[in-house]
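Undergrad: So here's model-v3.csv (CSV, C-alpha atoms and all ligand atoms).
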```csv
chain,number,residue,atom,x,y,z
A,1,MET,CA,0.0,0.0,0.0
A,2,PRO,CA,1.5,3.4,-0.9
A,3,ILE,CA,2.0,5.8,2.0
A,4,SER,CA,-0.8,8.4,1.9
A,5,ASN,CA,-0.1,12.1,1.7
A,6,LEU,CA,-1.4,13.5,5.0
A,7,LEU,CA,-0.9,17.1,3.9
A,8,GLU,CA,-3.8,19.0,2.3
A,9,LYS,CA,-2.9,20.6,-1.1
A,10,ALA,CA,-2.9,24.2,0.4
A,11,THR,CA,-0.5,23.2,3.1
A,12,GLU,CA,1.8,21.3,0.7
A,13,ASP,CA,1.8,24.3,-1.7
A,14,MET,CA,2.7,26.6,1.2
A,15,LEU,CA,5.6,24.4,2.3
A,16,ASN,CA,6.9,24.3,-1.2
A,17,LYS,CA,6.9,28.1,-1.2
A,18,ALA,CA,8.9,28.0,2.0
A,19,VAL,CA,11.3,25.5,0.3
A,20,HIS,CA,11.8,27.9,-2.6
A,21,ALA,CA,12.3,30.8,-0.2
A,22,GLU,CA,15.0,28.9,1.8
A,23,LEU,CA,16.8,27.7,-1.4
A,24,TYR,CA,16.7,31.2,-2.9
A,25,ALA,CA,18.2,32.7,0.3
A,26,SER,CA,21.0,30.2,0.2
A,27,HIS,CA,21.7,31.2,-3.4
A,28,LEU,CA,21.6,34.9,-2.6
A,29,TYR,CA,24.0,34.5,0.3
A,30,LYS,CA,26.5,32.7,-1.9
A,31,HIS,CA,26.2,35.5,-4.4
A,32,VAL,CA,26.8,38.0,-1.6
A,33,ALA,CA,29.8,35.9,-0.4
A,34,ASN,CA,31.3,36.1,-3.9
A,35,GLN,CA,30.9,39.8,-4.1
A,36,MET,CA,32.5,40.3,-0.7
A,37,GLN,CA,35.4,38.1,-1.8
A,38,ARG,CA,35.9,40.3,-4.8
A,39,ALA,CA,35.8,43.4,-2.7
A,40,GLY,CA,38.4,42.0,-0.3
A,41,PHE,CA,36.1,41.6,2.7
A,42,PHE,CA,37.1,38.0,3.5
A,43,GLY,CA,35.6,37.8,6.9
A,44,THR,CA,32.2,38.9,5.5
A,45,GLN,CA,32.7,36.4,2.7
A,46,LYS,CA,33.1,33.7,5.3
A,47,PHE,CA,30.0,34.9,7.2
A,48,PHE,CA,27.8,34.8,4.2
A,49,ALA,CA,29.1,31.4,3.1
A,50,GLY,CA,28.0,30.2,6.5
A,51,GLU,CA,24.6,31.9,6.1
A,52,SER,CA,24.2,30.2,2.8
A,53,ALA,CA,24.9,26.8,4.4
A,54,ASP,CA,22.4,27.5,7.2
A,55,GLU,CA,19.6,28.2,4.6
A,56,LEU,CA,20.2,24.7,3.2
A,57,THR,CA,19.7,23.2,6.7
A,58,HIS,CA,16.4,25.1,6.8
A,59,TYR,CA,15.5,23.6,3.4
A,60,GLN,CA,16.3,20.1,4.7
A,61,LYS,CA,14.1,20.6,7.8
A,62,ILE,CA,11.1,21.3,5.6
A,63,ALA,CA,12.0,18.5,3.2
A,64,ASP,CA,12.2,16.0,6.2
A,65,TYR,CA,8.9,17.3,7.6
A,66,MET,CA,7.2,16.9,4.2
A,67,ASN,CA,8.6,13.3,4.0
A,68,ASP,CA,7.2,12.6,7.5
A,69,ARG,CA,3.8,13.6,6.3
A,70,GLY,CA,3.9,11.4,3.2
A,71,ALA,CA,4.6,14.3,0.8
A,72,MET,CA,7.8,15.3,-1.0
A,73,ALA,CA,9.6,18.7,-1.1
A,74,LYS,CA,10.3,20.1,-4.6
A,75,VAL,CA,13.7,21.1,-5.8
A,76,PRO,CA,12.6,24.2,-7.8
A,77,ALA,CA,14.5,26.1,-10.4
A,78,LEU,CA,15.9,29.3,-8.9
A,79,GLU,CA,16.0,32.7,-10.4
A,80,ALA,CA,19.5,34.1,-11.0
A,81,CYS,CA,20.6,36.6,-8.3
A,82,THR,CA,21.0,40.1,-9.5
A,83,GLU,CA,21.2,42.0,-6.2
A,84,THR,CA,24.4,43.9,-5.7
A,85,ALA,CA,26.4,44.6,-2.5
A,86,ALA,CA,29.5,46.8,-2.9
A,87,ASP,CA,30.6,46.7,0.7
A,88,ILE,CA,29.8,45.3,4.2
A,89,VAL,CA,27.0,47.8,4.9
A,90,GLU,CA,25.2,46.9,1.7
A,91,ALA,CA,25.7,43.2,2.3
A,92,ILE,CA,24.3,43.3,5.8
A,93,GLU,CA,21.4,45.6,4.7
A,94,LEU,CA,20.6,43.0,2.0
A,95,GLY,CA,20.7,40.2,4.6
A,96,TYR,CA,18.5,42.2,7.0
A,97,ASP,CA,15.9,42.9,4.3
A,98,THR,CA,15.9,39.2,3.2
A,99,GLU,CA,15.5,37.9,6.7
A,100,LEU,CA,12.8,40.4,7.5
A,101,GLN,CA,10.8,39.4,4.4
A,102,LEU,CA,11.2,35.8,5.4
A,103,MET,CA,9.9,36.5,8.9
A,104,ARG,CA,6.9,38.2,7.3
A,105,ASP,CA,6.4,35.3,5.0
A,106,TYR,CA,6.5,32.7,7.8
A,107,GLU,CA,4.1,34.8,9.9
A,108,LYS,CA,1.7,34.8,7.0
A,109,TRP,CA,2.1,31.1,6.3
A,110,TYR,CA,1.6,30.3,10.0
A,111,ARG,CA,-1.6,32.4,10.2
A,112,GLU,CA,-3.0,31.0,7.0
A,113,CYS,CA,-2.2,27.4,7.8
A,114,LYS,CA,-5.2,25.2,8.6
A,115,CYS,CA,-3.2,22.2,9.8
A,116,VAL,CA,-2.2,22.4,13.5
A,117,ILE,CA,0.6,19.9,13.2
A,118,THR,CA,2.2,22.0,10.4
A,119,GLN,CA,1.6,25.2,12.5
A,120,GLN,CA,3.5,23.6,15.4
A,121,PHE,CA,6.3,22.7,12.9
A,122,LEU,CA,6.4,26.3,11.6
A,123,LEU,CA,6.9,27.8,15.1
A,124,GLN,CA,10.7,27.0,14.9
A,125,PHE,CA,10.9,29.1,11.8
A,126,LEU,CA,9.3,32.0,13.4
A,127,GLU,CA,11.9,31.8,16.2
A,128,LEU,CA,14.7,31.4,13.6
A,129,GLN,CA,13.6,34.5,11.7
A,130,ARG,CA,13.2,36.5,14.9
A,131,LYS,CA,16.8,35.7,15.9
A,132,SER,CA,18.1,36.3,12.4
A,133,VAL,CA,16.4,39.7,12.1
A,134,GLY,CA,17.8,40.6,15.5
A,135,GLU,CA,21.3,39.5,14.6
A,136,TYR,CA,21.4,41.5,11.4
A,137,GLY,CA,19.9,44.5,13.2
A,138,ASP,CA,22.8,44.3,15.8
A,139,LEU,CA,25.3,44.2,13.0
A,140,LEU,CA,23.8,47.3,11.3
A,141,SER,CA,24.0,49.1,14.7
A,142,ARG,CA,27.7,48.2,14.8
A,143,LEU,CA,28.2,49.4,11.3
A,144,MET,CA,26.5,52.7,12.0
A,145,ILE,CA,29.1,53.3,14.8
A,146,VAL,CA,32.1,53.1,12.4
A,147,LYS,CA,30.2,54.8,9.5
A,148,ASN,CA,32.7,55.4,6.8
A,149,ASP,CA,35.8,54.6,8.8
A,150,ARG,CA,37.8,52.1,6.9
A,151,GLY,CA,39.8,50.8,9.9
A,152,GLY,CA,36.5,50.2,11.7
A,153,MET,CA,35.2,48.3,8.6
A,154,ILE,CA,38.2,46.1,8.6
A,155,LEU,CA,37.7,45.3,12.3
A,156,ILE,CA,34.1,44.4,11.7
A,157,ASP,CA,35.1,42.3,8.7
A,158,GLN,CA,37.5,40.4,11.0
A,159,GLU,CA,34.7,39.9,13.6
A,160,LEU,CA,32.4,38.5,11.0
A,161,GLY,CA,35.1,36.1,9.9
A,162,ASN,CA,35.6,34.8,13.4
A,163,GLY,CA,31.9,34.0,13.8
B,1,FE,FE,16.3,30.3,6.6
```
So, in terms of structure tokens, how does the structure I just supplied come out?
TA:
Amino acid sequence: MPISNLLEKATEDMLNKAVHAELYASHLYKHVANQMQRAGFFGTQKFFAGESADELTHYQKIADYMNDRGAMAKVPALEACTETAADIVEAIELGYDTELQLMRDYEKWYRECKCVITQQFLLQFLELQRKSVGEYGDLLSRLMIVKNDRGGMILIDQELGNG
């Protein structure tokens, strides 16, 4: 007997949107890491490479959950990344905007979800997004302190590289 899909279509579609969002974020952070490498901010490059890897673990959490429920996560085609980040400030602002949008998406998906088991699963993503937005906000505060001071930027770049 084939395993039945316990997810309603609307819930499965929503989870596949989340799958796409996590994979795109991973792509985007790789793209930012490449731009930071080119600009000589190697600590920030390392930070965004780590962020990219984290997004793949988020993807896998959703894929595992869908499998538990008898469904299967998609591996969607992703749009090419065209966002640009010339320096650390632009890179962190891009990360902040991306995580804030993801937080709003997860809030919407949680509210609209009719399945309580999936809602319970989504709670961890609300927490992840809250922490991530907070972390990027703290980094922006640090960057505002040094403003255009190049020495300060290099110090923050080193901090980011040390995790
Ligand atoms: Fe994520």
Undergrad: List all protein, DNA and RNA residues that have any atom at most 6 Å from ligand FE 1 (chain B), counting all atoms listed in the file, and write the list as an mmCIF file with C-alpha atoms, in the coordinates of the input.
TA:
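Result file selection10.cif:
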```cif
data_model
loop_
_atom_site.group_PDB
_atom_site.id
_atom_site.type_symbol
_atom_site.label_atom_id
_atom_site.label_comp_id
_atom_site.auth_asym_id
_atom_site.auth_seq_id
_atom_site.Cartn_x
_atom_site.Cartn_y
_atom_site.Cartn_z
ATOM 1 C CA GLU A 22 15.000 28.900 1.800
ATOM 2 C CA GLU A 55 19.600 28.200 4.600
ATOM 3 C CA HIS A 58 16.400 25.100 6.800
#
```
Undergrad: Rounded to one decimal in Å, what is the spacing between atom CA of Lys30 of chain A and atom CA of Gly43 of chain A?
TA: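 Computing the Euclidean distance for atom CA of Lys30 of chain A and atom CA of Gly43 of chain A yields 13.6 Å.
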Undergrad: One number please: atom CA of Ala63 of chain A to atom CA of Ala18 of chain A, in Å, one decimal.
TA: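 The value is 10.1 Å.
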Undergrad: Counting all atoms listed in the file, which residues of segment 24-109 of chain A fall within 10 Å of segment 125-148 of chain A, and what is the closest atom pair for each with its distance in Å at one decimal, ordered by chain and rising number, as CSV?
TA:
```
residue,atom,partner,partner_atom,distance
A:His58,CA,A:Phe125,CA,8.4
A:Lys61,CA,A:Phe125,CA,9.9
A:Ile62,CA,A:Phe125,CA,10.0
A:Ile88,CA,A:Leu143,CA,8.4
A:Val89,CA,A:Leu143,CA,6.7
A:Glu90,CA,A:Leu140,CA,9.7
A:Ile92,CA,A:Tyr136,CA,6.6
A:Glu93,CA,A:Leu140,CA,7.2
A:Leu94,CA,A:Tyr136,CA,9.6
A:Gly95,CA,A:Tyr136,CA,7.0
A:Tyr96,CA,A:Tyr136,CA,5.3
A:Asp97,CA,A:Val133,CA,8.4
A:Thr98,CA,A:Val133,CA,8.9
A:Glu99,CA,A:Val133,CA,5.8
A:Leu100,CA,A:Val133,CA,5.9
A:Gln101,CA,A:Gln129,CA,9.2
A:Leu102,CA,A:Gln129,CA,6.9
A:Met103,CA,A:Gln129,CA,5.1
A:Arg104,CA,A:Gln129,CA,8.8
A:Asp105,CA,A:Leu126,CA,9.5
A:Tyr106,CA,A:Leu126,CA,6.3
A:Glu107,CA,A:Leu126,CA,6.9
```
Undergrad: Please indicate the distance in Å from atom CA of Phe47 of chain A to atom CA of Leu15 of chain A, rounded to one decimal place.
TA: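 Atom-to-atom, atom CA of Phe47 of chain A and atom CA of Leu15 of chain A are spaced 27.0 Å apart.
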Undergrad: May I have the residues within 10 Å of Leu6 of chain A as a list in words, using all atoms listed in the file and disregarding those fewer than 4 positions away in the same chain?
TA: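 Residues near the query, excluding close chain neighbours: Thr11, Glu12, Met66, Asp68, Arg69, Gly70 and Ala71 of chain A.
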Undergrad: Restrict the calculation to only C-alpha atoms, then for each residue of segment 33-79 of chain A with any atom at most 10 Å from an atom of segment 157-160 of chain A give the closest atom pair and their distance in Å to one decimal, rows by chain and rising residue number, as a Markdown table.
TA:
```
| residue | atom | partner | partner_atom | distance |
| --- | --- | --- | --- | --- |
| A:Met36 | CA | A:Asp157 | CA | 10.0 |
| A:Gly40 | CA | A:Asp157 | CA | 9.6 |
| A:Phe41 | CA | A:Asp157 | CA | 6.1 |
| A:Phe42 | CA | A:Asp157 | CA | 7.0 |
| A:Gly43 | CA | A:Asp157 | CA | 4.9 |
| A:Thr44 | CA | A:Asp157 | CA | 5.5 |
| A:Gln45 | CA | A:Leu160 | CA | 8.6 |
| A:Lys46 | CA | A:Leu160 | CA | 7.5 |
| A:Phe47 | CA | A:Leu160 | CA | 5.8 |
| A:Phe48 | CA | A:Leu160 | CA | 9.0 |
```
Undergrad: From the list A:Tyr24, A:Tyr29, A:Tyr59, A:Tyr110, which residue is nearest Ala77 of chain A when using only C-alpha atoms?
TA: A:Tyr24
Undergrad: Can you tell me which residues surround Gln119 of chain A at a distance of at most 10 Å, considering all atoms listed in the file, apart from same-chain residues fewer than 5 positions away, and format the answer as a PyMOL selection string?
TA: chain A and resi 11+109-114+124
Undergrad: Within 8 Å of His20 of chain A, counting all atoms listed in the file, which residues qualify if same-chain residues fewer than 4 places away don't, as a PyMOL selection string?
TA: chain A and resi 16+24+75-76+78
